[in-house]
>>> print(open('entry-v1.cif').read())   # mmCIF, C-alpha atoms and all ligand atoms
data_target
loop_
_atom_site.label_atom_id
_atom_site.label_comp_id
_atom_site.auth_asym_id
_atom_site.auth_seq_id
_atom_site.Cartn_x
_atom_site.Cartn_y
_atom_site.Cartn_z
CA MET A 1355 0.00 0.00 0.00
CA THR A 1356 1.55 3.31 -1.05
CA ASN A 1357 0.58 6.90 -1.93
CA TYR A 1358 -1.68 7.40 1.06
CA PRO A 1359 -1.18 10.09 3.74
CA ARG A 1360 1.86 9.18 5.80
CA HIS A 1361 0.16 9.97 9.12
CA LEU A 1362 -3.39 9.22 10.27
CA ILE A 1363 -4.37 12.51 11.91
CA SER A 1364 -8.01 12.92 10.99
CA ILE A 1365 -10.53 10.80 9.17
CA ALA A 1366 -9.99 13.04 6.12
CA ASP A 1367 -6.74 11.08 5.68
CA ILE A 1368 -8.79 7.96 4.87
CA THR A 1369 -9.82 8.24 1.23
CA THR A 1370 -12.39 5.81 -0.14
CA GLU A 1371 -9.62 3.96 -1.97
CA TYR A 1372 -7.49 3.72 1.21
CA TRP A 1373 -10.50 2.49 3.18
CA ASP A 1374 -11.14 -0.22 0.58
CA LEU A 1375 -7.54 -1.39 0.90
CA LEU A 1376 -7.54 -1.37 4.71
CA TYR A 1377 -10.87 -3.15 4.94
CA SER A 1378 -9.85 -5.75 2.41
CA ARG A 1379 -6.66 -6.43 4.42
CA CYS A 1380 -8.73 -6.51 7.63
CA ARG A 1381 -11.05 -9.16 6.16
CA ASP A 1382 -8.08 -11.23 5.11
CA ILE A 1383 -6.62 -10.99 8.63
CA MET A 1384 -9.94 -12.04 10.17
CA SER A 1385 -10.22 -15.02 7.84
CA ARG A 1386 -6.67 -16.34 8.34
CA PRO A 1387 -5.11 -14.67 11.42
CA LYS A 1388 -2.31 -17.25 11.78
CA ASP A 1389 -0.85 -16.15 8.45
CA TYR A 1390 -0.23 -12.69 9.96
CA SER A 1391 1.22 -13.80 13.29
CA ASP A 1392 4.76 -12.93 12.22
CA ALA A 1393 4.02 -10.05 9.84
CA ALA A 1394 5.51 -7.28 12.03
CA SER A 1395 8.18 -9.28 13.86
CA ASP A 1396 10.86 -6.67 13.11
CA LYS A 1397 8.68 -3.66 14.05
CA ILE A 1398 8.34 -1.61 17.23
CA MET A 1399 5.18 0.39 17.91
CA ALA A 1400 5.28 3.27 20.42
CA SER A 1401 2.06 3.50 22.44
CA LEU A 1402 1.89 6.99 24.00
CA PHE A 1403 -1.23 7.53 26.07
CA PHE A 1404 -1.37 10.93 27.79
CA GLU A 1405 -5.03 10.23 28.66
CA PRO A 1406 -6.96 7.19 30.01
CA SER A 1407 -8.04 4.47 27.59
CA THR A 1408 -9.16 0.85 27.72
CA ARG A 1409 -10.13 -0.13 24.17
CA THR A 1410 -7.92 2.02 21.97
CA GLN A 1411 -4.75 1.41 23.95
CA MET A 1412 -5.31 -2.30 24.47
CA SER A 1413 -6.60 -3.00 20.96
CA PHE A 1414 -3.55 -1.31 19.40
CA GLN A 1415 -1.22 -3.20 21.73
CA THR A 1416 -3.01 -6.49 21.08
CA ALA A 1417 -3.02 -5.79 17.34
CA GLN A 1418 0.75 -5.30 17.41
CA LEU A 1419 1.28 -8.47 19.47
CA ARG A 1420 -0.96 -10.49 17.13
CA LEU A 1421 1.25 -9.31 14.25
CA GLY A 1422 4.30 -10.58 16.13
CA GLY A 1423 5.55 -7.02 16.70
CA LYS A 1424 7.00 -5.32 19.80
CA LEU A 1425 5.95 -2.38 21.95
CA ILE A 1426 7.34 0.55 23.90
CA GLY A 1427 5.40 3.38 25.51
CA PHE A 1428 3.58 4.73 28.53
CA SER A 1429 0.09 5.28 29.85
CA ASP A 1430 1.08 7.65 32.66
CA PRO A 1431 2.68 10.81 31.23
CA LYS A 1432 3.70 11.90 34.75
CA MET A 1433 6.42 9.24 34.52
CA THR A 1434 7.97 10.81 31.38
CA SER A 1435 10.22 13.84 30.96
CA GLY A 1436 7.16 15.81 29.89
CA ALA A 1437 6.67 16.18 33.65
CA LYS A 1438 10.03 18.01 33.74
CA GLY A 1439 8.95 20.42 30.98
CA GLU A 1440 9.98 18.57 27.82
CA THR A 1441 7.96 19.78 24.81
CA LEU A 1442 5.70 17.56 22.71
CA ALA A 1443 8.04 18.23 19.77
CA ASP A 1444 11.08 16.84 21.58
CA THR A 1445 9.13 13.86 22.92
CA MET A 1446 8.10 13.01 19.35
CA ARG A 1447 11.67 13.40 18.07
CA MET A 1448 12.78 10.89 20.69
CA PHE A 1449 10.09 8.26 20.19
CA SER A 1450 10.42 8.51 16.43
CA ALA A 1451 14.13 7.77 16.86
CA TYR A 1452 13.25 4.50 18.60
CA ALA A 1453 10.05 3.15 17.02
CA ASP A 1454 8.58 2.38 13.57
CA CYS A 1455 5.28 4.14 14.25
CA ILE A 1456 3.71 6.15 17.09
CA VAL A 1457 0.17 5.69 18.37
CA MET A 1458 -0.73 8.70 20.50
CA ARG A 1459 -3.70 9.83 22.57
CA ASN A 1460 -3.48 13.35 24.00
CA PRO A 1461 -6.03 15.60 25.74
CA TYR A 1462 -5.12 18.63 23.58
CA GLU A 1463 -6.95 19.16 20.30
CA GLY A 1464 -4.56 19.16 17.35
CA ALA A 1465 -1.85 17.29 19.28
CA ALA A 1466 -1.64 14.58 16.61
CA LEU A 1467 -1.07 17.08 13.81
CA ALA A 1468 1.52 18.88 15.96
CA ALA A 1469 3.27 15.56 16.71
CA SER A 1470 3.42 14.68 13.02
CA LEU A 1471 5.50 17.79 12.30
CA TYR A 1472 8.35 16.47 14.47
CA SER A 1473 8.21 12.73 13.85
CA ASP A 1474 10.31 10.75 11.38
CA VAL A 1475 7.82 7.86 11.54
CA PRO A 1476 4.04 7.74 11.01
CA ILE A 1477 1.80 9.16 13.74
CA ILE A 1478 -1.56 7.51 14.36
CA ASN A 1479 -4.06 9.70 16.20
CA ALA A 1480 -5.67 7.62 18.95
CA GLY A 1481 -7.80 10.60 20.05
CA ASP A 1482 -6.87 14.30 20.44
CA GLY A 1483 -9.06 15.92 23.07
CA GLY A 1484 -12.65 16.42 21.90
CA HIS A 1485 -11.47 16.76 18.30
CA GLN A 1486 -10.97 13.52 16.30
CA HIS A 1487 -10.66 9.77 16.84
CA PRO A 1488 -10.07 8.33 13.34
CA THR A 1489 -9.24 4.75 14.34
CA GLN A 1490 -12.53 4.53 16.25
CA THR A 1491 -14.14 5.47 12.95
CA LEU A 1492 -12.24 2.71 11.15
CA THR A 1493 -13.68 0.41 13.84
CA ASP A 1494 -17.17 1.79 13.24
CA LEU A 1495 -16.94 1.49 9.45
CA THR A 1496 -15.71 -2.09 9.77
CA THR A 1497 -18.63 -2.91 12.06
CA ILE A 1498 -21.19 -1.40 9.68
CA ALA A 1499 -19.65 -3.10 6.64
CA GLU A 1500 -19.49 -6.49 8.39
CA LEU A 1501 -22.97 -6.39 9.90
CA ARG A 1502 -24.89 -4.55 7.14
CA GLY A 1503 -23.02 -5.93 4.14
CA GLU A 1504 -22.31 -2.46 2.75
CA ILE A 1505 -22.00 1.15 3.88
CA GLY A 1506 -24.72 3.07 2.10
CA GLY A 1507 -28.45 3.76 2.03
CA LEU A 1508 -28.65 4.08 5.82
CA THR A 1509 -30.44 6.36 8.26
CA VAL A 1510 -27.97 6.91 11.08
CA GLY A 1511 -29.04 8.33 14.43
CA ILE A 1512 -26.22 9.77 16.53
CA CYS A 1513 -27.19 10.38 20.11
CA GLY A 1514 -25.68 12.01 23.19
CA ASP A 1515 -22.82 14.42 23.61
CA LEU A 1516 -22.20 15.50 20.04
CA LYS A 1517 -20.22 18.56 21.09
CA TYR A 1518 -17.34 16.93 22.95
CA GLY A 1519 -17.64 13.38 21.52
CA ARG A 1520 -14.66 13.14 19.18
CA THR A 1521 -15.77 9.74 17.84
CA VAL A 1522 -18.91 11.22 16.29
CA HIS A 1523 -16.97 14.05 14.64
CA SER A 1524 -14.77 11.52 12.87
CA LEU A 1525 -17.68 9.19 12.09
CA VAL A 1526 -19.86 11.84 10.43
CA SER A 1527 -16.86 13.15 8.45
CA ALA A 1528 -16.31 9.60 7.14
CA LEU A 1529 -19.89 8.57 6.43
CA ILE A 1530 -20.56 11.61 4.23
CA ASN A 1531 -18.28 9.98 1.65
CA PHE A 1532 -20.58 6.96 1.31
CA PRO A 1533 -23.80 6.98 -0.74
CA ARG A 1534 -27.27 7.84 0.58
CA ILE A 1535 -26.54 8.32 4.29
CA ASN A 1536 -29.07 10.44 6.24
CA PHE A 1537 -28.29 11.69 9.73
CA VAL A 1538 -30.52 12.35 12.72
CA LEU A 1539 -28.52 14.20 15.39
CA ILE A 1540 -30.06 13.61 18.82
CA SER A 1541 -28.70 15.79 21.63
CA PRO A 1542 -29.60 18.58 24.02
CA PRO A 1543 -28.92 22.00 22.42
CA SER A 1544 -25.99 22.56 24.81
CA LEU A 1545 -24.26 19.42 23.44
CA ALA A 1546 -25.03 19.92 19.74
CA MET A 1547 -22.66 19.01 16.89
CA PRO A 1548 -19.90 21.61 16.31
CA GLU A 1549 -20.16 24.04 13.43
CA TYR A 1550 -17.25 22.58 11.48
CA ILE A 1551 -19.13 19.26 11.19
CA THR A 1552 -22.54 20.71 10.26
CA TRP A 1553 -20.68 22.91 7.76
CA LEU A 1554 -19.29 19.71 6.20
CA LEU A 1555 -22.76 18.14 6.05
CA ASP A 1556 -24.15 21.17 4.26
CA ALA A 1557 -21.15 21.42 1.95
CA LYS A 1558 -21.77 17.80 0.87
CA SER A 1559 -25.57 18.35 0.58
CA VAL A 1560 -26.19 15.53 3.07
CA THR A 1561 -29.69 15.24 4.58
CA TRP A 1562 -29.65 15.83 8.33
CA ARG A 1563 -31.87 17.10 11.11
CA THR A 1564 -31.76 17.49 14.88
CA GLU A 1565 -34.03 15.79 17.44
CA SER A 1566 -34.23 15.77 21.22
CA SER A 1567 -35.55 12.24 21.91
CA ILE A 1568 -34.58 8.72 20.83
CA GLU A 1569 -38.11 7.36 21.04
CA ALA A 1570 -39.56 9.54 18.29
CA VAL A 1571 -36.91 8.58 15.72
CA LEU A 1572 -36.06 4.99 16.67
CA PRO A 1573 -38.47 3.29 14.18
CA GLU A 1574 -36.77 4.92 11.17
CA LEU A 1575 -33.15 4.20 12.13
CA ASP A 1576 -30.82 1.57 10.61
CA ILE A 1577 -27.93 2.52 12.91
CA LEU A 1578 -28.21 4.08 16.36
CA TYR A 1579 -24.81 5.34 17.53
CA MET A 1580 -24.93 6.11 21.25
CA THR A 1581 -22.34 8.20 23.13
CA ARG A 1582 -21.76 9.12 26.75
CA ILE A 1583 -21.40 12.64 28.14
CA GLN A 1584 -17.70 13.55 28.03
CA ARG A 1585 -17.57 15.07 31.52
CA GLU A 1586 -13.79 15.26 31.53
CA ARG A 1587 -13.95 17.92 28.78
CA MET A 1588 -16.62 20.13 30.33
CA GLY A 1589 -14.99 22.05 33.16
CA ASP A 1590 -17.75 23.70 35.19
CA GLY A 1591 -20.49 22.03 33.09
CA ALA A 1592 -19.58 18.62 34.48
CA SER A 1593 -22.71 18.37 36.61
CA ILE A 1594 -24.94 17.98 33.52
CA VAL A 1595 -27.32 14.98 33.78
CA TYR A 1596 -27.88 12.64 30.81
CA PRO A 1597 -31.44 13.48 29.64
CA PRO A 1598 -33.85 10.52 30.20
CA GLU A 1599 -35.27 10.92 26.66
CA MET A 1600 -31.81 10.03 25.34
CA ILE A 1601 -31.32 6.90 27.42
CA LEU A 1602 -31.80 3.67 25.46
CA THR A 1603 -33.90 1.09 27.28
CA ALA A 1604 -35.10 -2.41 26.42
CA GLU A 1605 -38.63 -1.03 26.35
CA LYS A 1606 -37.73 1.60 23.74
CA MET A 1607 -36.01 -1.08 21.63
CA THR A 1608 -39.43 -2.66 20.99
CA ARG A 1609 -40.08 0.28 18.61
CA ALA A 1610 -36.91 -0.28 16.56
CA LYS A 1611 -36.36 -2.12 13.26
CA SER A 1612 -35.51 -5.81 13.52
CA ASP A 1613 -32.14 -5.22 11.83
CA LEU A 1614 -31.15 -2.05 13.72
CA CYS A 1615 -27.52 -1.96 14.85
CA VAL A 1616 -26.97 -0.23 18.20
CA MET A 1617 -23.37 0.93 18.29
CA HIS A 1618 -21.34 2.73 20.96
CA PRO A 1619 -17.61 3.54 20.98
CA LEU A 1620 -17.63 2.72 24.72
CA PRO A 1621 -17.11 3.26 27.60
CA ARG A 1622 -20.86 3.14 28.29
CA VAL A 1623 -22.02 4.89 31.45
CA THR A 1624 -25.80 5.37 31.92
CA GLU A 1625 -26.95 6.05 28.35
CA ILE A 1626 -27.73 2.38 27.53
CA GLU A 1627 -29.39 0.37 30.26
CA PRO A 1628 -27.70 -3.02 30.81
CA ALA A 1629 -30.91 -4.89 29.84
CA VAL A 1630 -30.26 -3.85 26.21
CA ASP A 1631 -27.00 -5.85 26.13
CA ALA A 1632 -28.85 -9.15 25.61
CA ASP A 1633 -30.61 -7.83 22.50
CA PRO A 1634 -28.86 -9.19 19.37
CA ARG A 1635 -29.17 -5.72 17.84
CA ALA A 1636 -26.78 -4.38 20.51
CA VAL A 1637 -23.45 -4.79 18.71
CA TYR A 1638 -21.11 -2.56 20.76
CA PHE A 1639 -18.94 -5.35 22.17
CA ARG A 1640 -18.53 -6.96 18.73
CA GLN A 1641 -17.69 -3.48 17.44
CA ALA A 1642 -14.76 -3.24 19.89
CA ARG A 1643 -13.36 -6.57 18.63
CA TYR A 1644 -13.56 -5.45 14.99
CA GLY A 1645 -11.41 -2.50 16.09
CA MET A 1646 -8.50 -4.80 16.84
CA PHE A 1647 -8.53 -6.32 13.34
CA ILE A 1648 -8.76 -3.04 11.43
CA ARG A 1649 -5.92 -1.67 13.62
CA MET A 1650 -3.83 -4.70 12.62
CA ALA A 1651 -4.40 -3.75 8.97
CA LEU A 1652 -3.46 -0.13 9.70
CA LEU A 1653 -0.31 -1.03 11.66
CA LEU A 1654 0.88 -3.33 8.89
CA GLU A 1655 0.73 -0.47 6.41
CA LYS A 1656 2.11 2.33 8.62
CA GLN A 1657 5.03 0.39 10.11
CA ASN A 1658 6.32 -0.54 6.67
CA LEU A 1659 6.65 3.06 5.47
CA PRO A 1660 10.25 4.29 5.20
CA ARG A 1661 11.52 6.80 7.76
CA GLU A 1662 11.28 10.41 6.59
CA ARG A 1663 13.11 13.29 8.26
CA SER A 1664 10.62 15.73 9.82
CA ARG A 1665 10.57 19.31 8.56
CA TYR A 1666 10.00 21.68 11.48
CA TYR A 1667 13.16 22.40 13.39
CA GLU A 1668 12.84 26.20 13.55
CA ALA A 1669 11.01 27.99 16.34
CA ALA A 1670 7.67 29.42 15.19
CA THR A 1671 4.70 31.11 16.82
CA ALA A 1672 1.13 29.88 16.63
CA ARG A 1673 -0.62 31.76 19.43
CA HIS A 1674 -3.57 32.30 17.17
CA CYS A 1675 -6.29 29.90 18.29
CA PRO A 1676 -9.13 30.93 20.64
CA ASN A 1677 -9.75 27.30 21.70
CA PRO A 1678 -8.41 26.95 25.28
CA VAL A 1679 -7.63 23.25 24.73
CA CYS A 1680 -5.90 23.66 21.37
CA ILE A 1681 -2.37 22.22 21.37
CA THR A 1682 -1.03 25.64 20.30
CA ARG A 1683 -1.95 27.00 23.77
CA THR A 1684 0.56 24.76 25.53
CA ASN A 1685 3.13 24.44 22.71
CA PRO A 1686 3.36 28.01 21.34
CA TYR A 1687 6.44 27.25 19.18
CA LEU A 1688 4.20 25.42 16.70
CA PRO A 1689 3.95 26.87 13.17
CA ASP A 1690 0.87 28.93 12.42
CA ARG A 1691 -1.51 26.82 10.30
CA ARG A 1692 -4.94 28.01 9.18
CA SER A 1693 -7.27 26.43 6.64
CA PRO A 1694 -8.86 28.50 3.84
CA GLY A 1695 -12.23 28.60 5.63
CA GLY A 1696 -10.64 30.47 8.55
CA PHE A 1697 -10.31 27.47 10.87
CA CYS A 1698 -7.27 26.55 13.02
CA GLU A 1699 -5.72 23.57 11.21
CA TYR A 1700 -4.75 21.88 14.48
CA CYS A 1701 -8.18 21.77 16.17
CA ASP A 1702 -10.63 23.06 13.49
CA THR A 1703 -11.87 25.90 15.70
CA LYS A 1704 -13.07 28.98 13.82
CA ILE A 1705 -10.51 31.75 14.32
N1 LIG B 1801 -13.67 3.94 22.28
C1 LIG B 1801 -12.61 4.37 22.97
O1 LIG B 1801 -11.85 5.25 22.53
O2 LIG B 1801 -12.46 3.78 24.20
P1 LIG B 1801 -11.24 4.04 25.16
O3 LIG B 1801 -11.34 5.48 25.64
O4 LIG B 1801 -11.39 3.07 26.30
O5 LIG B 1801 -9.98 3.85 24.40
#
>>> encode(input="entry-v1.cif", output="structure tokens")
Amino acid sequence: MTNYPRHLISIADITTEYWDLLYSRCRDIMSRPKDYSDAASDKIMASLFFEPSTRTQMSFQTAQLRLGGKLIGFSDPKMTSGAKGETLADTMRMFSAYADCIVMRNPYEGAALAASLYSDVPIINAGDGGHQHPTQTLTDLTTIAELRGEIGGLTVGICGDLKYGRTVHSLVSALINFPRINFVLISPPSLAMPEYITWLLDAKSVTWRTESSIEAVLPELDILYMTRIQRERMGDGASIVYPPEMILTAEKMTRAKSDLCVMHPLPRVTEIEPAVDADPRAVYFRQARYGMFIRMALLLEKQNLPRERSRYYEAATARHCPNPVCITRTNPYLPDRRSPGGFCEYCDTKI
């Protein structure tokens, strides 16, 4: 696999052609996993988790081990020299000197793009604050393709915290590239989808509407994608209660189609009652397992790319973004990058 973006920073890096290749490799891995058990035996993956994770961290690590590869990394940044003041840029220069690819989760939005400027090896964004989570989207696309047979002609309800839920930002950005997808965005107004995503929906002439209750829309949905409230990103809004009309119950499921797929990136908190788990339409634990296989396909491709010397060694200034959790706020040496629409290229906030 060649000629695809070197790093996986946002879901925009996954073209339709690249998705087809990754998914095809993923299917091959699922059908004959033993044939891949030595495929990355000379590769080292760096797993850098500056923020808590169960699925993403462990599925990447398991994916690498199932490919016969090796690991370095951390899940407690307080035990690294970042705690002594080392910059993200220098940390990336170091890990890219040791490993063949870097999987990073970071609480600052745009951290993955910033890291890619200083890394000689591919960066895979495992979640940057409330911004993007592209490998969760690969997981979600794999789940839909496996369970529905194709990705297209679907009414997709996305429910919960659409403001801070990075998985839904990446998912919507991906699904708009597939045919005949309609969206129903179900959230309280205070947790509505950010402008840069609704702007994308309008730019692509995708049909979408907002709703405030699951029950009213459930009968028309093919996919219901549930999300939790991302309290850790809310500061003083953290006392918000999950609205009862957005909680999925076994009783509400009686109104749904027989082939509905209920998905969730997990962790689940209170938004799906445990009684739903026994329903065969609840596919969120299968979804997490698909994530391991598509990450194996991704790691195989990224770890085989040749090293490439990073470009940014000069000090620069990027104190331009109004977003208080943009990576430029804590790493002000970063180069100033703005997209033509007037958005910060690191975190997509309107400047
Ligand atoms: N879906 C997901 O990103 O889960 P973790 O936060 O546990 O990695």
>>> closest_residue(input="entry-v1.cif", among="A:Asp1474, A:Glu1662, A:Glu1699, A:Glu1463", to="Phe1449 in chain A", atoms="only C-alpha atoms")
A:Asp1474
>>> closest_atom_pairs(input="entry-v1.cif", of="chain A", to="ligand LIG 1801 (chain B)", cutoff="6 Å", atoms="all atoms listed in the file", output="Markdown table")
| residue | atom | partner | partner_atom | distance |
| --- | --- | --- | --- | --- |
| A:Ser1407 | CA | B:LIG1801 | O5 | 3.8 |
| A:Thr1408 | CA | B:LIG1801 | O4 | 3.5 |
| A:Arg1409 | CA | B:LIG1801 | O5 | 4.0 |
| A:Thr1410 | CA | B:LIG1801 | O5 | 3.7 |
| A:Gln1411 | CA | B:LIG1801 | O5 | 5.8 |
| A:Pro1619 | CA | B:LIG1801 | N1 | 4.2 |
| A:Leu1620 | CA | B:LIG1801 | N1 | 4.8 |
| A:Pro1621 | CA | B:LIG1801 | O2 | 5.8 |
>>> closest_atom_pairs(input="entry-v1.cif", of="range 1366-1480 of chain A", to="range 1625-1648 of chain A", cutoff="6 Å", atoms="all atoms listed in the file", output="JSON lines")
{"residue": "A:Cys1380", "atom": "CA", "partner": "A:Ile1648", "partner_atom": "CA", "distance": 5.1}
{"residue": "A:Ser1413", "atom": "CA", "partner": "A:Met1646", "partner_atom": "CA", "distance": 4.9}
{"residue": "A:Ala1417", "atom": "CA", "partner": "A:Met1646", "partner_atom": "CA", "distance": 5.6}
>>> closest_residue(input="entry-v1.cif", among="A:Met1580, A:Arg1520, A:Val1457, A:Arg1534", to="Ile1551 in chain A", atoms="only C-alpha atoms")
A:Arg1520
>>> atom_distance(input="entry-v1.cif", atom1="CA of Arg1582 in chain A", atom2="CA of Thr1624 in chain A")
7.6 Å
>>> atom_distance(input="entry-v1.cif", atom1="CA of Gly1483 in chain A", atom2="CA of Arg1622 in chain A")
18.2 Å
>>> closest_residue(input="entry-v1.cif", among="A:Ile1535, A:Val1616, A:Ala1468, A:Leu1421", to="Arg1691 in chain A", atoms="all atoms listed in the file")
A:Ala1468
>>> closest_residue(input="entry-v1.cif", among="A:Arg1502, A:Arg1585, A:Arg1661, A:Arg1447", to="Gly1484 in chain A", atoms="all atoms listed in the file")
A:Arg1585
>>> closest_residue(input="entry-v1.cif", among="A:Gln1490, A:Thr1564, A:Asn1536, A:Ser1593", to="His1618 in chain A", atoms="all atoms listed in the file")
A:Gln1490
>>> closest_residue(input="entry-v1.cif", among="A:Leu1572, A:Ile1365, A:Val1522, A:Leu1376", to="Pro1548 in chain A", atoms="only C-alpha atoms")
A:Val1522
>>> axis_aligned_box(input="entry-v1.cif", around="range 1449-1458 of chain A", padding_each_side="6 Å", output="AutoDock Vina command-line options")
--center_x 6.7 --center_y 5.5 --center_z 17.0 --size_x 26.9 --size_y 18.3 --size_z 18.9
>>> atom_distance(input="entry-v1.cif", atom1="CA of Ala1499 in chain A", atom2="CA of Ala1546 in chain A")
27.0 Å
>>> residues_around(input="entry-v1.cif", residues="Cys1698 in chain A", least_positions_apart="3", cutoff="10 Å", atoms="all atoms listed in the file", output="ChimeraX atom specification")
/A:1464,1672,1674-1677,1680,1682,1690-1695,1701-1705
>>> residues_around(input="entry-v1.cif", residues="Pro1488 in chain A", least_positions_apart="3", cutoff="9 Å", atoms="all atoms listed in the file", output="NGL selection string")
:A and (1362-1368 or 1478-1481 or 1491-1493 or 1520-1521 or 1524-1525 or 1528)
>>> residues_around(input="entry-v1.cif", residues="Leu1659 in chain A", least_positions_apart="6", cutoff="12 Å", atoms="only C-alpha atoms", output="list in words")
Met1355, Thr1356, Asn1357, Tyr1358, Pro1359, Arg1360, His1361, Lys1397, Asp1454, Cys1455, Asp1474, Val1475, Pro1476, Ile1477, Leu1652 and Leu1653 of chain A
>>> build_atoms(input="entry-v1.cif", residues="range 1416-1429 of chain A", atoms="N, CA, C and O atoms", output="short mmCIF file (atom, residue, chain, number, x, y, z; two decimals), in the frame of the given file")
data_model
loop_
_atom_site.label_atom_id
_atom_site.label_comp_id
_atom_site.auth_asym_id
_atom_site.auth_seq_id
_atom_site.Cartn_x
_atom_site.Cartn_y
_atom_site.Cartn_z
N THR A 1416 -2.71 -5.10 21.45
CA THR A 1416 -3.01 -6.49 21.08
C THR A 1416 -2.81 -6.70 19.58
O THR A 1416 -2.29 -7.74 19.15
N ALA A 1417 -3.21 -5.69 18.79
CA ALA A 1417 -3.02 -5.79 17.34
C ALA A 1417 -1.54 -5.99 17.02
O ALA A 1417 -1.17 -6.86 16.22
N GLN A 1418 -0.69 -5.19 17.67
CA GLN A 1418 0.75 -5.30 17.41
C GLN A 1418 1.28 -6.68 17.84
O GLN A 1418 2.06 -7.32 17.12
N LEU A 1419 0.82 -7.15 18.98
CA LEU A 1419 1.28 -8.47 19.47
C LEU A 1419 0.79 -9.58 18.55
O LEU A 1419 1.52 -10.54 18.27
N ARG A 1420 -0.44 -9.46 18.04
CA ARG A 1420 -0.96 -10.49 17.13
C ARG A 1420 -0.25 -10.49 15.79
O ARG A 1420 -0.31 -11.47 15.05
N LEU A 1421 0.43 -9.37 15.47
CA LEU A 1421 1.25 -9.31 14.25
C LEU A 1421 2.69 -9.75 14.53
O LEU A 1421 3.55 -9.65 13.65
N GLY A 1422 2.95 -10.15 15.76
CA GLY A 1422 4.30 -10.58 16.13
C GLY A 1422 5.25 -9.42 16.38
O GLY A 1422 6.46 -9.62 16.47
N GLY A 1423 4.71 -8.19 16.49
CA GLY A 1423 5.55 -7.02 16.70
C GLY A 1423 5.83 -6.74 18.17
O GLY A 1423 5.36 -7.46 19.05
N LYS A 1424 6.60 -5.66 18.43
CA LYS A 1424 7.00 -5.32 19.80
C LYS A 1424 6.50 -3.92 20.15
O LYS A 1424 6.11 -3.16 19.26
N LEU A 1425 6.55 -3.62 21.44
CA LEU A 1425 5.95 -2.38 21.95
C LEU A 1425 6.90 -1.63 22.86
O LEU A 1425 7.65 -2.25 23.62
N ILE A 1426 6.83 -0.28 22.81
CA ILE A 1426 7.34 0.55 23.90
C ILE A 1426 6.25 1.57 24.19
O ILE A 1426 5.30 1.69 23.41
N GLY A 1427 6.38 2.32 25.29
CA GLY A 1427 5.40 3.38 25.51
C GLY A 1427 5.06 3.59 26.96
O GLY A 1427 5.72 3.06 27.86
N PHE A 1428 4.02 4.40 27.16
CA PHE A 1428 3.58 4.73 28.53
C PHE A 1428 2.08 5.00 28.52
O PHE A 1428 1.50 5.32 27.48
N SER A 1429 1.48 4.88 29.69
CA SER A 1429 0.09 5.28 29.85
C SER A 1429 -0.05 6.25 31.01
O SER A 1429 -1.16 6.62 31.38
#
